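Structure below is run.txt: compact mmCIF, C-alpha atoms.
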```txt
# COMPACT_ATOMS: atom_id res chain seq x y z
CA MET A 366 118.53 108.05 95.78
CA GLN A 367 119.98 108.35 99.20
CA LEU A 368 122.24 105.89 100.97
CA ASP A 369 120.28 104.56 103.90
CA SER A 370 119.38 101.09 105.00
CA THR A 371 115.68 101.25 104.10
CA THR A 372 116.20 102.62 100.59
CA LEU A 373 118.87 100.06 99.83
CA THR A 374 116.84 97.17 101.25
CA PHE A 375 113.89 98.03 99.10
CA LEU A 376 115.94 98.86 96.01
CA VAL A 377 114.82 95.39 95.01
CA ILE A 378 111.32 96.71 94.29
CA SER A 379 112.30 98.66 91.20
CA SER A 380 114.84 96.00 90.22
CA LEU A 381 112.05 93.43 90.27
CA ALA A 382 110.39 95.29 87.42
CA ALA A 383 113.16 94.22 85.03
CA ALA A 384 112.93 90.61 86.19
CA LEU A 385 109.17 90.76 85.81
CA ILE A 386 109.40 91.98 82.21
CA ALA A 387 111.53 88.90 81.52
CA ARG A 388 108.78 86.85 83.21
CA LEU A 389 111.38 85.59 85.74
CA ARG A 390 112.81 83.24 83.13
CA SER A 391 115.68 84.83 81.29
CA ILE A 392 118.70 86.67 82.66
CA ALA A 393 119.51 88.09 79.21
CA VAL A 394 116.03 89.63 78.83
CA THR A 395 116.22 90.95 82.39
CA PHE A 396 119.53 92.64 81.55
CA VAL A 397 118.12 94.28 78.42
CA ALA A 398 114.91 95.27 80.21
CA ALA A 399 116.89 96.89 83.03
CA ILE A 400 118.92 98.93 80.54
CA VAL A 401 115.78 99.98 78.64
CA ILE A 402 114.11 101.02 81.90
CA GLY A 403 117.14 103.06 82.90
CA VAL A 404 117.39 104.77 79.52
CA ILE A 405 113.67 105.64 79.40
CA HIS A 406 113.82 106.88 82.98
CA ASP A 407 116.62 109.30 82.14
CA LEU A 408 115.16 110.35 78.79
CA LEU A 409 112.04 111.54 80.60
CA THR A 410 114.03 114.03 82.66
CA PRO A 411 113.86 117.02 80.23
CA PHE A 412 110.06 116.85 79.91
CA THR A 413 108.73 119.12 82.65
CA ALA A 414 105.29 117.49 82.66
CA LEU A 415 106.76 114.04 83.21
CA THR A 416 109.96 114.67 85.09
CA ASN A 417 108.42 114.25 88.53
CA TYR A 418 106.78 111.02 87.48
CA ARG A 419 109.86 109.42 85.89
CA ASP A 420 110.41 107.18 88.93
CA MET A 421 107.26 105.37 87.84
CA THR A 422 109.02 104.06 84.71
CA PRO A 423 109.95 100.58 86.01
CA PHE A 424 106.49 100.01 87.48
CA VAL A 425 104.58 101.18 84.44
CA LEU A 426 106.75 99.21 82.01
CA ALA A 427 106.48 96.06 84.11
CA ALA A 428 102.71 96.45 84.40
CA ILE A 429 102.35 96.93 80.64
CA ALA A 430 104.58 93.93 79.96
CA LEU A 431 102.63 91.67 82.31
CA LEU A 432 99.26 92.82 81.05
CA TRP A 433 100.47 92.24 77.48
CA ALA A 434 101.65 88.76 78.45
CA SER A 435 98.31 87.92 80.07
CA ARG A 436 96.10 89.23 77.25
CA HIS A 437 95.22 85.75 75.99
CA ARG A 438 95.71 83.48 78.95
CA THR A 439 96.28 83.37 82.65
CA VAL A 440 99.88 83.98 83.61
CA MET A 441 101.16 81.83 86.40
CA THR A 442 104.44 80.46 87.64
CA ARG A 443 106.07 77.71 85.66
CA SER A 444 104.67 74.70 87.50
CA GLY A 445 101.17 76.07 87.05
CA GLU A 446 100.74 76.12 90.80
CA GLU A 447 100.09 79.09 93.00
CA ALA A 448 103.41 80.56 94.01
CA MET B 1010 77.86 62.24 82.95
CA THR B 1011 81.17 63.50 84.30
CA GLY B 1012 79.70 66.98 84.67
CA VAL B 1013 77.24 65.76 87.28
CA GLU B 1014 80.00 63.89 89.07
CA THR B 1015 82.25 66.98 89.23
CA THR B 1016 79.43 69.18 90.42
CA GLY B 1017 78.66 66.75 93.18
CA SER B 1018 82.20 66.58 94.52
CA ALA B 1019 82.66 70.34 94.28
CA ALA B 1020 79.39 70.90 96.09
CA ALA B 1021 80.57 68.46 98.73
CA ALA B 1022 83.80 70.41 99.00
CA VAL B 1023 81.81 73.62 99.43
CA ALA B 1024 79.64 71.97 102.05
CA GLY B 1025 82.77 70.75 103.80
CA GLN B 1026 84.06 74.32 103.81
CA ARG B 1027 80.81 75.50 105.25
CA LEU B 1028 81.13 73.57 108.49
CA PRO B 1029 84.26 75.24 109.90
CA LEU B 1030 82.78 78.63 109.03
CA LEU B 1031 79.64 77.87 110.94
CA ARG B 1032 81.33 76.24 113.88
CA ARG B 1033 82.97 79.31 115.36
CA PRO B 1034 80.02 81.22 116.88
CA GLN B 1035 78.75 78.04 118.49
CA ARG B 1036 81.46 78.39 121.12
CA PRO B 1037 79.90 80.58 123.81
CA VAL B 1038 83.21 81.04 125.67
CA HIS B 1039 84.84 82.40 122.55
CA LEU B 1040 81.99 84.81 121.93
CA SER B 1041 81.79 86.09 125.50
CA VAL B 1042 85.56 86.58 125.70
CA THR B 1043 85.33 88.65 122.49
CA VAL B 1044 82.49 90.76 123.87
CA ILE B 1045 84.30 91.37 127.17
CA LEU B 1046 87.51 92.26 125.33
CA VAL B 1047 85.66 94.72 123.09
CA LEU B 1048 83.93 96.37 126.06
CA PHE B 1049 87.26 96.59 127.89
CA ILE B 1050 88.96 98.21 124.88
CA LEU B 1051 86.11 100.67 124.38
CA PHE B 1052 85.53 101.80 127.95
CA ALA B 1053 88.48 100.93 130.18
CA LEU B 1054 91.53 101.03 127.93
CA PRO B 1055 91.47 104.77 126.98
CA GLN B 1056 91.50 105.66 130.68
CA LEU B 1057 94.39 103.31 131.43
CA MET B 1058 96.65 104.27 128.55
CA SER B 1059 98.96 107.25 128.35
CA LEU B 1060 98.51 109.64 125.45
CA TYR B 1061 101.58 108.08 123.84
CA TYR B 1062 100.04 104.61 123.68
CA THR B 1063 96.58 105.95 122.80
CA GLY B 1064 98.08 107.27 119.57
CA TYR B 1065 99.68 103.93 118.79
CA MET B 1066 96.56 101.96 119.69
CA THR B 1067 94.49 104.16 117.38
CA LEU B 1068 96.89 103.21 114.60
CA VAL B 1069 96.48 99.56 115.61
CA ALA B 1070 92.70 99.88 115.25
CA ILE B 1071 93.09 101.52 111.83
CA TYR B 1072 95.68 99.09 110.52
CA SER B 1073 93.71 96.09 111.77
CA ILE B 1074 91.16 97.03 109.09
CA VAL B 1075 93.91 97.04 106.47
CA THR B 1076 95.29 93.67 107.56
CA LEU B 1077 91.72 92.37 107.72
CA GLY B 1078 91.27 93.22 104.05
CA LEU B 1079 94.64 91.73 103.15
CA GLY B 1080 93.94 88.61 105.21
CA LEU B 1081 90.65 88.26 103.36
CA LEU B 1082 92.40 88.39 99.99
CA VAL B 1083 95.28 86.10 100.95
CA GLY B 1084 93.68 83.65 103.34
CA ARG B 1085 90.13 83.34 102.07
CA VAL B 1086 90.47 83.83 98.34
CA GLY B 1087 94.16 83.06 97.75
CA LEU B 1088 95.00 86.39 96.10
CA TYR B 1089 98.40 87.67 97.20
CA SER B 1090 98.38 91.44 97.09
CA LEU B 1091 101.44 93.56 97.78
CA GLY B 1092 99.58 96.78 97.03
CA GLN B 1093 97.43 97.32 100.11
CA GLY B 1094 99.64 100.15 101.37
CA ALA B 1095 98.91 102.05 98.18
CA ILE B 1096 95.18 101.35 98.49
CA LEU B 1097 95.35 102.82 102.00
CA GLN B 1098 97.07 105.92 100.61
CA ILE B 1099 94.31 106.35 98.03
CA GLY B 1100 91.70 106.15 100.80
CA ALA B 1101 93.56 108.65 102.97
CA TRP B 1102 94.05 111.05 100.05
CA THR B 1103 90.39 110.90 99.01
CA ALA B 1104 89.14 111.39 102.55
CA ALA B 1105 91.50 114.31 103.18
CA ARG B 1106 90.43 115.95 99.92
CA LEU B 1107 86.73 115.54 100.74
CA LEU B 1108 87.19 116.75 104.31
CA PHE B 1109 88.78 119.97 103.06
CA ALA B 1110 86.44 120.45 100.11
CA THR B 1111 83.08 119.80 101.78
CA ALA B 1112 81.39 120.21 105.13
CA GLN B 1113 79.87 116.74 105.06
CA PRO B 1114 79.76 114.76 108.31
CA PHE B 1115 82.82 112.61 108.94
CA PRO B 1116 81.18 109.16 108.67
CA LEU B 1117 79.73 110.09 105.28
CA VAL B 1118 83.15 111.22 104.08
CA ILE B 1119 84.89 108.00 105.08
CA ILE B 1120 82.18 105.94 103.40
CA GLU B 1121 82.65 108.01 100.24
CA ALA B 1122 86.42 107.54 100.51
CA GLY B 1123 85.78 103.81 100.85
CA LEU B 1124 83.61 103.80 97.74
CA VAL B 1125 86.15 105.75 95.65
CA THR B 1126 88.91 103.45 96.85
CA MET B 1127 86.72 100.45 96.06
CA LEU B 1128 86.36 101.68 92.49
CA ILE B 1129 90.10 102.23 92.04
CA GLY B 1130 91.00 99.01 93.83
CA THR B 1131 88.64 97.03 91.63
CA LEU B 1132 90.12 98.66 88.53
CA ILE B 1133 93.55 97.49 89.71
CA GLY B 1134 92.10 94.07 90.43
CA LEU B 1135 90.51 93.77 87.01
CA PRO B 1136 93.68 93.00 85.00
CA ALA B 1137 95.13 91.20 88.00
CA ILE B 1138 92.38 88.58 87.70
CA ARG B 1139 94.37 86.95 84.92
CA LEU B 1140 97.53 86.75 87.00
CA ARG B 1141 98.21 84.14 89.63
CA GLY B 1142 100.39 83.72 92.65
CA LEU B 1143 103.78 85.34 92.36
CA TYR B 1144 102.89 87.43 89.30
CA LEU B 1145 99.82 88.85 91.00
CA ALA B 1146 101.88 89.77 94.07
CA LEU B 1147 104.52 91.44 91.91
CA ILE B 1148 102.14 93.40 89.68
CA THR B 1149 100.30 94.75 92.71
CA LEU B 1150 103.70 95.74 94.09
CA MET B 1151 104.36 97.58 90.82
CA PHE B 1152 101.04 99.42 91.17
CA ALA B 1153 101.92 100.30 94.75
CA GLY B 1154 105.27 101.69 93.62
CA ALA B 1155 103.62 103.73 90.87
CA ILE B 1156 100.94 105.14 93.19
CA THR B 1157 103.56 106.08 95.77
CA VAL B 1158 105.49 108.02 93.11
CA VAL B 1159 102.32 109.81 91.98
CA LEU B 1160 101.38 110.78 95.54
CA ALA B 1161 104.93 111.94 96.28
CA THR B 1162 104.49 114.43 93.41
CA VAL B 1163 100.83 115.34 93.92
CA ASN B 1164 101.13 115.50 97.73
CA PHE B 1165 98.35 115.04 100.23
CA PRO B 1166 95.72 117.81 100.40
CA ASN B 1167 96.37 120.44 103.03
CA GLY B 1168 93.64 122.95 102.32
CA GLY B 1169 95.02 124.46 99.11
CA ARG B 1170 93.16 125.15 95.89
CA GLY B 1171 92.60 123.09 92.76
CA PHE B 1172 92.06 119.40 92.32
CA THR B 1173 95.07 118.34 94.36
CA GLY B 1174 94.21 120.70 97.19
CA TYR B 1175 97.88 121.17 97.97
CA ASN B 1176 99.11 124.44 99.39
CA GLY B 1177 102.79 124.61 98.51
CA ASN B 1178 103.89 127.53 100.66
CA GLN B 1179 103.36 125.62 103.91
CA VAL B 1180 101.93 128.46 106.04
CA HIS B 1181 98.61 128.49 107.89
CA ILE B 1182 97.96 124.86 107.10
CA PRO B 1183 94.66 123.79 108.64
CA PRO B 1184 94.56 120.34 110.25
CA ILE B 1185 92.37 117.63 108.75
CA ARG B 1186 89.21 117.77 110.82
CA ARG B 1187 87.91 115.02 113.03
CA PRO B 1188 84.29 114.08 113.76
CA SER B 1189 82.71 116.45 116.27
CA ILE B 1190 82.01 113.60 118.70
CA ALA B 1191 85.64 112.45 118.66
CA GLY B 1192 87.82 115.51 118.99
CA THR B 1193 90.17 114.27 121.70
CA ASP B 1194 92.67 111.48 121.18
CA ALA B 1195 90.90 109.09 123.57
CA ALA B 1196 87.54 109.70 121.90
CA TYR B 1197 89.09 109.27 118.48
CA PHE B 1198 90.58 105.96 119.62
CA ARG B 1199 87.08 104.78 120.54
CA TYR B 1200 85.80 106.05 117.20
CA ALA B 1201 88.49 104.10 115.33
CA VAL B 1202 87.72 100.94 117.34
CA VAL B 1203 84.01 101.23 116.52
CA VAL B 1204 84.78 101.67 112.81
CA ALA B 1205 87.14 98.69 112.93
CA LEU B 1206 84.45 96.61 114.68
CA LEU B 1207 81.92 97.47 112.00
CA MET B 1208 84.40 96.44 109.30
CA PHE B 1209 85.10 93.14 111.08
CA VAL B 1210 81.35 92.49 111.27
CA LEU B 1211 81.01 93.33 107.58
CA VAL B 1212 83.73 90.87 106.64
CA TYR B 1213 82.41 88.26 109.06
CA VAL B 1214 78.95 88.45 107.50
CA HIS B 1215 80.51 88.06 104.06
CA LEU B 1216 82.46 85.00 105.19
CA ARG B 1217 79.39 83.40 106.72
CA THR B 1218 77.21 83.80 103.65
CA ARG B 1219 77.33 83.04 99.94
CA PRO B 1220 80.48 85.05 99.01
CA GLY B 1221 82.44 83.38 101.83
CA ARG B 1222 81.51 79.93 100.54
CA ALA B 1223 82.35 80.93 96.98
CA TRP B 1224 85.75 82.27 98.09
CA ALA B 1225 86.45 79.09 100.01
CA ALA B 1226 85.66 77.03 96.93
CA ILE B 1227 87.85 79.25 94.72
CA ARG B 1228 90.75 79.03 97.14
CA GLN B 1229 90.61 75.25 97.23
CA SER B 1230 90.35 74.76 93.51
CA GLU B 1231 89.28 77.28 90.93
CA PRO B 1232 88.40 74.64 88.28
CA SER B 1233 86.11 72.79 90.66
CA ALA B 1234 84.57 76.07 91.81
CA LEU B 1235 83.88 76.93 88.16
CA ALA B 1236 82.47 73.46 87.59
CA SER B 1237 80.03 73.88 90.45
CA GLY B 1238 78.67 77.02 88.86
CA ILE B 1239 80.53 79.66 90.85
CA ASN B 1240 81.35 82.77 88.86
CA ALA B 1241 85.01 82.88 89.91
CA THR B 1242 85.82 86.18 88.19
CA PHE B 1243 82.86 87.92 89.79
CA TYR B 1244 83.63 86.66 93.30
CA LYS B 1245 87.33 87.46 92.97
CA LEU B 1246 86.45 91.00 91.95
CA TRP B 1247 84.00 91.13 94.84
CA ALA B 1248 86.84 90.22 97.19
CA TRP B 1249 89.01 92.97 95.68
CA ALA B 1250 86.14 95.43 96.02
CA LEU B 1251 85.42 94.51 99.64
CA ALA B 1252 89.10 94.62 100.64
CA SER B 1253 89.57 97.96 98.87
CA PHE B 1254 86.41 99.38 100.43
CA ILE B 1255 87.42 98.61 104.00
CA THR B 1256 91.01 99.69 103.33
CA GLY B 1257 89.70 102.99 101.96
CA ILE B 1258 87.63 103.48 105.11
CA ALA B 1259 90.75 102.77 107.15
CA GLY B 1260 92.50 105.44 105.08
CA GLY B 1261 89.74 107.90 105.92
CA VAL B 1262 90.07 107.23 109.65
CA LEU B 1263 93.86 107.50 109.28
CA ALA B 1264 93.49 110.95 107.68
CA GLY B 1265 91.45 112.23 110.63
CA ASN B 1266 93.88 110.68 113.08
CA ALA B 1267 97.00 112.20 111.60
CA HIS B 1268 95.66 115.79 111.20
CA TYR B 1269 98.45 116.35 108.67
CA LEU B 1270 99.38 113.82 105.99
CA TYR B 1271 102.77 113.85 104.30
CA SER B 1272 103.63 111.66 101.36
CA VAL B 1273 107.09 110.91 102.82
CA ASN B 1274 105.33 108.94 105.57
CA PHE B 1275 103.89 106.52 103.03
CA THR B 1276 106.35 104.24 101.32
CA THR B 1277 106.12 101.26 99.02
CA GLN B 1278 107.76 99.03 101.61
CA ASP B 1279 104.71 99.53 103.83
CA SER B 1280 102.84 97.26 101.44
CA ILE B 1281 105.47 94.54 101.86
CA ILE B 1282 105.54 94.93 105.65
CA LEU B 1283 101.73 94.68 105.60
CA LEU B 1284 101.82 91.31 103.85
CA ALA B 1285 104.57 90.14 106.21
CA VAL B 1286 102.64 91.00 109.37
CA ALA B 1287 99.36 89.70 107.93
CA LEU B 1288 101.03 86.33 107.30
CA MET B 1289 102.64 86.38 110.75
CA GLY B 1290 99.36 87.23 112.46
CA GLY B 1291 97.49 84.58 110.55
CA VAL B 1292 95.36 84.98 107.45
CA TYR B 1293 92.87 82.21 108.17
CA ASN B 1294 91.56 83.83 111.32
CA LEU B 1295 90.00 87.24 111.95
CA TRP B 1296 92.07 87.55 115.14
CA GLY B 1297 95.13 87.32 112.93
CA ALA B 1298 94.32 90.78 111.55
CA VAL B 1299 94.38 92.26 115.06
CA ILE B 1300 97.65 90.50 115.90
CA ALA B 1301 99.15 91.73 112.63
CA ALA B 1302 98.16 95.32 113.38
CA LEU B 1303 99.63 95.03 116.89
CA LEU B 1304 102.89 93.75 115.40
CA MET B 1305 103.05 96.50 112.82
CA GLN B 1306 101.92 99.52 114.82
CA LEU B 1307 102.27 98.83 118.54
CA LEU B 1308 105.69 97.13 118.52
CA PRO B 1309 107.48 100.20 117.08
CA GLY B 1310 105.90 102.30 119.83
CA VAL B 1311 106.97 99.86 122.54
CA LEU B 1312 110.51 99.65 121.13
CA GLN B 1313 110.77 103.42 120.87
CA ASN B 1314 109.66 103.71 124.47
CA LEU B 1315 112.42 101.29 125.45
CA GLY B 1316 114.97 103.21 123.42
CA VAL B 1317 115.51 100.47 120.86
CA SER B 1318 115.61 101.32 117.17
CA TYR B 1319 112.50 100.03 115.45
CA ALA B 1320 114.57 99.24 112.37
CA TRP B 1321 115.17 95.88 114.09
CA LEU B 1322 111.55 95.08 113.34
CA THR B 1323 112.34 94.62 109.65
CA ILE B 1324 114.61 91.73 110.64
CA LEU B 1325 112.00 90.35 113.04
CA PHE B 1326 109.32 90.45 110.34
CA GLY B 1327 111.65 88.75 107.89
CA ILE B 1328 112.32 85.92 110.33
CA GLY B 1329 108.63 85.78 111.19
CA VAL B 1330 107.60 85.33 107.56
CA LEU B 1331 110.17 82.57 107.08
CA GLN B 1332 108.81 80.86 110.18
CA VAL B 1333 105.23 81.15 108.91
CA LEU B 1334 106.19 79.75 105.52
CA THR B 1335 108.13 76.83 106.96
CA THR B 1336 106.31 75.73 110.11
CA ALA B 1337 103.14 77.67 110.88
CA PRO B 1338 101.06 78.49 107.80
CA ALA B 1339 98.15 79.75 109.91
CA GLY B 1340 100.32 82.27 111.77
CA LEU B 1341 100.35 83.36 115.38
CA ALA B 1342 96.56 83.36 115.72
CA ASP B 1343 96.62 79.60 115.26
CA GLN B 1344 100.02 78.76 116.67
CA VAL B 1345 99.92 80.51 120.04
CA PRO B 1346 96.72 78.84 121.32
CA ARG B 1347 97.96 75.47 120.07
CA ASP B 1348 101.37 75.87 121.72
CA LEU B 1349 99.78 77.07 124.95
CA ALA B 1350 97.52 74.01 124.96
CA ARG B 1351 100.57 71.84 124.36
CA LEU B 1352 102.37 73.59 127.22
CA GLY B 1353 99.32 72.97 129.44
CA ARG B 1354 99.35 69.28 128.53
CA PHE B 1355 103.09 69.12 129.21
CA LEU B 1356 102.70 70.77 132.63
CA ARG B 1357 99.83 68.44 133.46
CA ARG B 1358 101.94 65.40 132.69
CA ARG B 1359 104.97 66.84 134.47
CA PHE B 1360 103.26 67.86 137.68
CA GLY B 1361 100.61 65.19 138.07
CA LYS B 1362 97.00 66.31 138.07
CA PRO B 1363 96.54 69.87 139.35
CA ALA B 1364 93.07 71.33 139.79
CA PRO B 1365 91.44 72.06 136.41
CA ALA B 1366 91.12 75.76 137.27
CA ALA B 1367 94.87 76.08 137.80
CA ARG B 1368 95.62 75.36 134.16
CA SER B 1369 93.06 77.62 132.61
CA THR B 1370 92.66 77.21 128.91
CA PRO B 1371 94.40 79.89 126.82
```
Output the file's structure in the form of structure tokens.
Amino acid sequence: MQLDSTTLTFLVISSLAAALIARLRSIAVTFVAAIVIGVIHDLLTPFTALTNYRDMTPFVLAAIALLWASRHRTVMTRSGEEA
Amino acid sequence: MTGVETTGSAAAAVAGQRLPLLRRPQRPVHLSVTVILVLFILFALPQLMSLYYTGYMTLVAIYSIVTLGLGLLVGRVGLYSLGQGAILQIGAWTAARLLFATAQPFPLVIIEAGLVTMLIGTLIGLPAIRLRGLYLALITLMFAGAITVVLATVNFPNGGRGFTGYNGNQVHIPPIRRPSIAGTDAAYFRYAVVVALLMFVLVYVHLRTRPGRAWAAIRQSEPSALASGINATFYKLWAWALASFITGIAGGVLAGNAHYLYSVNFTTQDSIILLAVALMGGVYNLWGAVIAALLMQLLPGVLQNLGVSYAWLTILFGIGVLQVLTTAPAGLADQVPRDLARLGRFLRRRFGKPAPAARSTP
């Protein structure tokens, strides 16, 4: 990661993945999810087939979590309204 | 017999939606202004513009297709997608790969790129059907991030061998070819405008017919749309497919325009900027797509010409989105004519009654 304004502004994109795994409801789950994402991201480094793709970790985990959450019913924001 | 009752009111709602959709072409002034504008852009504008602005205006034509697709999803169906930048990348990648691998004519290649992108876009849309609002926006953003990472590793084709078509040693890289009738930049600009026009007509026809009415019903209330017998899942997927198809075609035209594609030029934040400008331009109006593309692609060129850093635009877009969300939900396409009319009324009151021609309608 380099220090420039654009990268830092959009750092929120990968951070959102952790919040999304917690379904935007729990800070504790977000914290754990963020640590798990970071650990998996770094554990992928030694695998040559996967090492270039390890930046996908937050996105893939968030997608899996959301798809898992929506397997039985429609997932929407708490009020049930469109966000 | 509540079922009958519900069906009746939903059908009435659909019929109510139908009227504003049908009203537009009945304004001859509107139609003739559009035709004159299109003729001007096609025949006069390339002669008037410098090469510098021709390049930027070609990008405007290409990105107006992308914002058209996004405006369709957001404004007509109510699906917030933050992944359109990634869909565009898929289209550009597919078109570049096909242009290097085959000798097919250019229009055929961009249609094929559109179809491949449509398939992938619909696959992304399939699980997203169960997600609403904020979650849908965020999961599409996650897909966009993932696709950007994949393309950063795979790279865009540059005439190499294998499936990825990437030639790593960076020598003798052939440019991505353009159609034979549009080799020069001015001709390619016209080509891009014609493609964009065809896409606008395609979307317009959709909005005027059955899918447009179904989307309008779904956007207003999905339960009532379901109750009136509209297959909501099918029409939502149709919207995804149509938006992905036209975005893929835009990607194909983008590949020919750029000659060389580099994955560093495509970032995940493009998807966010796209939604921002689409909202600013106006998602309930086809003109909004054009305004959005002008904001996104022409403004950086103008600022660069003036020697101002275009990084300021990120701030402008942020403020613009806040303004859209708080005061002008229909964006600039709706707000500017209304404010100009209000200004006209104000001037009329202020300075008595000038001749009607003096305060020409906006």
Mind giving me the axis-aligned box for range 396-411 of chain A with 8 Å on every side, centre plus edges in Å to one decimal, as lines of an AutoDock Vina configuration file?
```
center_x = 115.8
center_y = 104.8
center_z = 80.7
size_x = 23.5
size_y = 40.4
size_z = 20.6
```
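Of note, CA of Tyr1065 in chain B and CA of Thr1043 in chain B are spaced 21.3 Å apart.
Around Ile1120 in chain B, within 8 Å and counting all atoms listed in the file, the residues found are B:Pro1116, B:Leu1124, B:Ile1258, once anything fewer than 4 positions away on its own chain is removed.
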Could the residues in this selection be written to a file with C-alpha atoms, as a PDB file, keeping the file's coordinate frame?
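The result, written out as part.pdb:
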```pdb
ATOM      1  CA  PRO B1116      81.180 109.160 108.670  1.00  0.00           C
ATOM      2  CA  LEU B1124      83.610 103.800  97.740  1.00  0.00           C
ATOM      3  CA  ILE B1258      87.630 103.480 105.110  1.00  0.00           C
TER       4      ILE B1258
END
```
(request) Find the residues in chain B near chain A: any atom within 6 Å counts, using all atoms listed in the file. Write them as a PyMOL selection string. (result) chain B and resi 1139-1143+1151+1155
Grab the residues selected above and save them as a PDB file, in the frame of the given file with C-alpha atoms.
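Below you can see result.pdb, which holds the result:
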```
ATOM      1  CA  ARG B1139      94.370  86.950  84.920  1.00  0.00           C
ATOM      2  CA  LEU B1140      97.530  86.750  87.000  1.00  0.00           C
ATOM      3  CA  ARG B1141      98.210  84.140  89.630  1.00  0.00           C
ATOM      4  CA  GLY B1142     100.390  83.720  92.650  1.00  0.00           C
ATOM      5  CA  LEU B1143     103.780  85.340  92.360  1.00  0.00           C
ATOM      6  CA  MET B1151     104.360  97.580  90.820  1.00  0.00           C
ATOM      7  CA  ALA B1155     103.620 103.730  90.870  1.00  0.00           C
TER       8      ALA B1155
END
```
(message) For a quick check of understanding, using only C-alpha atoms, which of B:Met1058, B:Ile1185, B:Ile1074, B:Val1083 has the smallest distance to Val1210 in chain B?
(response)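 Using only C-alpha atoms, Val1210 in chain B sits closest to B:Ile1074.
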(request) Skip Gly403 in chain A itself and residues of its chain fewer than 3 positions away, then list as a VMD selection string all residues within 10 Å of it, counting all atoms listed in the file. (result) chain A and resid 383 397 to 400 406 to 408 420 422 to 423
(request) Return the single residue from B:Val1069, B:Leu1088, B:Ala1137, B:Gly1329 that is closest to Glu1231 in chain B, with distances computed using all atoms listed in the file. (result)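 For Glu1231 in chain B, the nearest of the candidates is B:Leu1088.
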(request) Would you kindly return, as a PyMOL selection string, each protein, DNA or RNA residue with an atom no farther than 9 Å from any atom of Leu1235 in chain B, considering all atoms listed in the file and excluding same-chain residues fewer than 6 positions away? (result) chain B and resi 1226-1227+1241
(request) Would you work out the distance separating CA of Ala1298 in chain B from CA of Gly1257 in chain B, expressed in Å to one decimal? (result)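 The value is 16.2 Å.
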(message) Using Å and a single decimal, report how far CA of Ala1248 in chain B sits from CA of Leu1128 in chain B.
(response)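 Calculated distance between CA of Leu1128 in chain B and CA of Ala1248 in chain B is 12.4 Å.
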(message) With only C-alpha atoms as the counted atoms, please give the residues lying no more than 8 Å from range 1093-1102 of chain B, apart from itself and same-chain residues fewer than 4 positions off, as a PyMOL selection string.
(response) chain B and resi 1075+1079+1106+1122-1123+1125-1126+1130+1152-1154+1156-1157+1165-1166+1253+1256-1264+1275-1277+1279-1280+1283
(request) Kindly indicate which residue among B:Thr1103, B:Ile1281, B:Trp1296, B:Val1204 lies nearest to Ile1129 in chain B, using all atoms listed in the file for the distances. (result)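 Among the listed residues, B:Thr1103 lies closest to Ile1129 in chain B.
Non-sequential neighbours of range 1304-1313 of chain B (distance at most 8 Å, separation of 6 or more positions within a chain, only C-alpha atoms) are Tyr1062, Tyr1065, Met1066, Leu1068, Val1069, Tyr1072, Ile1282, Leu1283, Val1286, Gly1290, Tyr1319 and Leu1322 of chain B.
In terms of minimum interatomic distance to Val377 in chain A, B:Leu1147 ranks closest within B:Ala1320, B:Gln1229, B:Ala1301, B:Leu1147, counting only C-alpha atoms.
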(request) Check the smallest atom-to-atom distance from each of B:Gly1092, B:Ala1161, B:Asp1194, B:Leu1207 to Gln1278 in chain B using all atoms listed in the file, then report the winner. (result)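 For Gln1278 in chain B, the nearest of the given residues is B:Gly1092.
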